[in-house]
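Below is one structure; the comments refer to it alone.
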Amino acid sequence: MKLIELLRELDYTLVAGNMSVEITGVVYDSRKVEPGSLFVCLTGFQSDGHDYIPDALAQGARALVVEKVLRVLPPDVTVIQVENSRRALALLSAAWFGWPARKMTTIAVTGTKGKTTTTHMIRDILTAAGYRVGMIGTMGAFIAGEKVPTKNTTPESYELHSLFARMVEAGCTHMVMEASSQGFKLHRTDGIQFDFGAFLNLSPDHIGAGEHADFGEYLHCKSLLFRQCRVGVANMDDPHWVSVTDQAICPIRTFSQEGPADLRITKVEELRAPGFLGSRLTAAGLVEGEVCLGMPGRFNVENAAAAMAVTALLGVDRETMDRALRRVRVKGRTQVLPTPGHYTVLIDYAHNAASMENLLSMLKSYRPHRLICLFGGGGDRPKMRRYAMGEISAKYADLTILTMDNPRSETVEAINEDIKVGLARHQGESISIPDRAEAIRWALDHAQEGDIIALIGKGHEEYQEIQGVKYPFSEEQVVREHLGMDDPAG
């Protein structure tokens with residue numbers, strides 16, 4: 001492809017060279033440069049792509065995209081200067097792959113919590129409606145039944161458009177993705193005009209070195225979604241929704257569990273059956289009538305409301321939503337596992353005090369015979385987090401089982417001693433079983449009728465990190481093997 005074709009939608013200055021040079025690839029990692037490549041110099045938190053120009057030239061780069069003025073212009077190389085090379089990479093990548101996002105209906109979901117669950121719900125509803133749907137997020141990319149590992153919740157722009165192109169090739173008509181604040185800040189989604197953008201909620205997070213300077217910047221980055229989508233969908237129950245949407249350049253549709261909105265959840269009934277925790281929702285507005293949700297908790301009702309609002313705007317009927325949402329499962333997110341029938345086991349990624357309190361208080365509302373909380377603490381993390389998690393577990397759980405999470409460079413015993421400081425602030429019972437598989441088997445063997453057992457902290461992770469080594473470990477596999485249950489993937 002000729003360079004000038006890649007640059008059609010990019011603002012730039014030609015510093016040196018020939019615009020008609022033939023380009024064999026777009027690259028932002030100098031180690032991947034091949035003869036004929038266009039090398040884009042990204043300025044990062046820890047490294048600067050401009051420092052690697054000599055390496056890129058030595059490997060045959062034919063053109064450079066730079067932000068900085070080069071003191072010496074390399075001979076026989078085209079140099080393009082731009083204001084922001086990350087934005088340039090996004091537009092160049094889209095052009096290189098033929099603007100694949102424009103060939104699908106695209107949906108982006110942002111928020112502090114719930115992005116993974118909501119994207120799964122949207123995907124499942126659209127799939128039930130007969131569409132072929134690609135999905136990108138925390139757990140990777142999913143294309144026509146294939147899982148593709150990704151490094152970030154919102155991948156770098158080149159990888160993002162590569163995934164879009166694979167989706168188009170696989171026949172996907174729709175794409176839903178998690179849109180992170182870092183993705184917006186680092187221009188990974190620049191040049192994409194999403195058909196729908198959904199905002200879930202906002203709370204202080206991702207603030208610090210290498211992330212966001214303060215909450216104001218974090219909020220601003222979230223709000224950028226509504227400057228690059230055709231229709232916005234927002235949660236009116238979140239106190240920040242007005243601030244997030246006030247600079248929107250698209251129409252905003254709303255959902256709520258508390259007041260007037262385009263989609264209103266007017267009634268929620270908790271449902272519990274063997275191997276099932278969920279809710280029956282009554283909706284009005286964009287969706288009229290009842291929908292059964294196969295995931296427990298008010299926060300999942302919020303996620304479902306967002307998914308219902310988006311898919312209703314896409315023309316999906318209530319019956320299809322009901323069929324999909326009653327069966328929806330998200331690995332490691334309030335994931336209920338099959339059991340012999342007299343108690344409930346679920347896996348959840350909650351790994352701080354706030355998320356634990358949301359989860360455990362919700363599970364208490366199902367009035368279990370006993371609420372059993374099995375968790376550990378991450379190594380090389382603040383002790384205050386461990387104290388707080390211990391306090392929350394003792395506050396809500398009838399029995400806490402202390403075990404291993406990802407101890408990293410610390411010992412399980414030392415981590416659990418910290419957690420016990422918080423446990424002591426309430427009267428809940430506790431035991432320690434450091435080996436997590438053994439602890440899970442103990443909980444299953446001692447389960448009583450009506451118990452809810454919450455395996456907390458690992459979620460979708462399938463490893464344990466111990467002294468710098470990641471060992472394979474699946475909580476779901478431990479449960480299924482111990483109970484002699486069939487693996488649904490088999």
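The chains in the structure tokens are called A, B, ... from first to last as shown; in each chain the residues are counted from 1, and the ligands are counted from 1 in the order shown.
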
Just the residues within 8 Å of range 434-445 of chain A, please, counting only C-alpha atoms, with nothing from its chain fewer than 4 positions along; format it as an MDAnalysis selection string.
chainID A and resid 374 401:405 412:413 453 455 475 478:479 482

Among range 105-311 of chain A, which residues carry a DSSP assignment of strand (DSSP E), reported as a ChimeraX atom specification?
/A:105-110,133-137,140-143,146-148,174-178,194-199,229-235,252-256,263-273,276-285,289-293

Pairwise distance for CA of Val469 in chain A and CA of Thr138 in chain A, rounded to one decimal in Å:
21.5 Å

Sort by chain and increasing residue number a table of all residues of range 66-182 of chain A within 9 Å of range 309-325 of chain A, each with its closest pair of atoms and their distance in Å to one decimal, counting only C-alpha atoms, and write it as a tab-separated table.
residue	atom	partner	partner_atom	distance
A:Ile107	CA	A:Val310	CA	8.4
A:Met121	CA	A:Leu325	CA	6.7
A:Ile122	CA	A:Thr311	CA	6.9
A:Asp124	CA	A:Ala324	CA	5.8
A:Ile125	CA	A:Ala324	CA	5.2
A:Leu126	CA	A:Thr311	CA	7.2
A:Thr127	CA	A:Ala324	CA	8.3
A:Ala128	CA	A:Ala324	CA	6.1
A:Ala129	CA	A:Thr320	CA	6.3

Put those residues in a file: C-alpha atoms, as a PDB file, in the first residue's frame.
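Result written to out-v3.pdb:
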ATOM      1  CA  ILE A 107     -20.770  -1.014  20.647  1.00  0.00           C
ATOM      2  CA  MET A 121     -24.761  -9.783  28.149  1.00  0.00           C
ATOM      3  CA  ILE A 122     -24.910  -7.679  24.989  1.00  0.00           C
ATOM      4  CA  ASP A 124     -25.368 -13.118  24.284  1.00  0.00           C
ATOM      5  CA  ILE A 125     -28.530 -11.136  23.495  1.00  0.00           C
ATOM      6  CA  LEU A 126     -27.363 -10.287  19.984  1.00  0.00           C
ATOM      7  CA  THR A 127     -26.261 -13.873  19.409  1.00  0.00           C
ATOM      8  CA  ALA A 128     -29.699 -15.081  20.513  1.00  0.00           C
ATOM      9  CA  ALA A 129     -31.167 -12.618  18.006  1.00  0.00           C
TER      10      ALA A 129
END

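Counting only C-alpha atoms and comparing A:Ser393, A:Asp29, A:Thr116, A:Asn201, the residue that lies closest to Ser47 in chain A is A:Asp29.
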
For the structure I just gave you, how does DSSP split range 279-367 of chain A - specifically, which residues are helix (DSSP H, G or I)? Reply as a ChimeraX atom specification.
/A:298-313,318-325,353-364

List the spatial neighbours of Ile80 in chain A as number ranges by chain - criterion: any atom at most 7 Å away, only C-alpha atoms, same-chain residues fewer than 2 positions off excluded.
A: 12-15, 64-66, 78, 82

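Counting only C-alpha atoms, the residue from A:Glu156, A:Asp348, A:Glu290, A:Glu357 that sits nearest to Val330 in chain A is A:Asp348.
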
Tell me, in Å to one decimal, how far CA of Arg272 in chain A is from CA of Pro296 in chain A.
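Separating CA of Arg272 in chain A from CA of Pro296 in chain A is a distance of 9.0 Å.
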
If we count only C-alpha atoms and set the cut-off at 9 Å, which residues sit around range 415-421 of chain A, ignoring sequence neighbours fewer than 6 positions away in its own chain? Please answer as a ChimeraX atom specification.
/A:376-379,383-391,402-404,407,430,432,434

Which residue is closest to Leu225 in chain A? Choose from A:Met135, A:Ala397, A:Ala305, A:Val109 and count only C-alpha atoms.
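Looking only at the distances to Leu225 in chain A, the closest residue turns out to be A:Val109.
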
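Taking CA of Thr105 in chain A as the reference point, CA of His174 in chain A is found at 4.6 Å.
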
Nearest to Asn235 in chain A among A:Gly294, A:Gly289, A:Gly114, A:Gly459, with distances taken over only C-alpha atoms: which residue is it?
A:Gly114

Nearest-residue call for Leu202 in chain A, choices A:Lys115, A:Lys364, A:His120, A:Arg230, using only C-alpha atoms:
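Among the listed residues, A:Lys115 lies closest to Leu202 in chain A.
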
Applying 12 Å and only C-alpha atoms, which residues near Met177 in chain A remain after dropping the ones on its own chain fewer than 5 positions away? List them as a VMD selection string.
chain A and resid 101 105 to 110 115 to 123 133 to 143 152 to 155 160 163 to 164 183 189 194 to 198
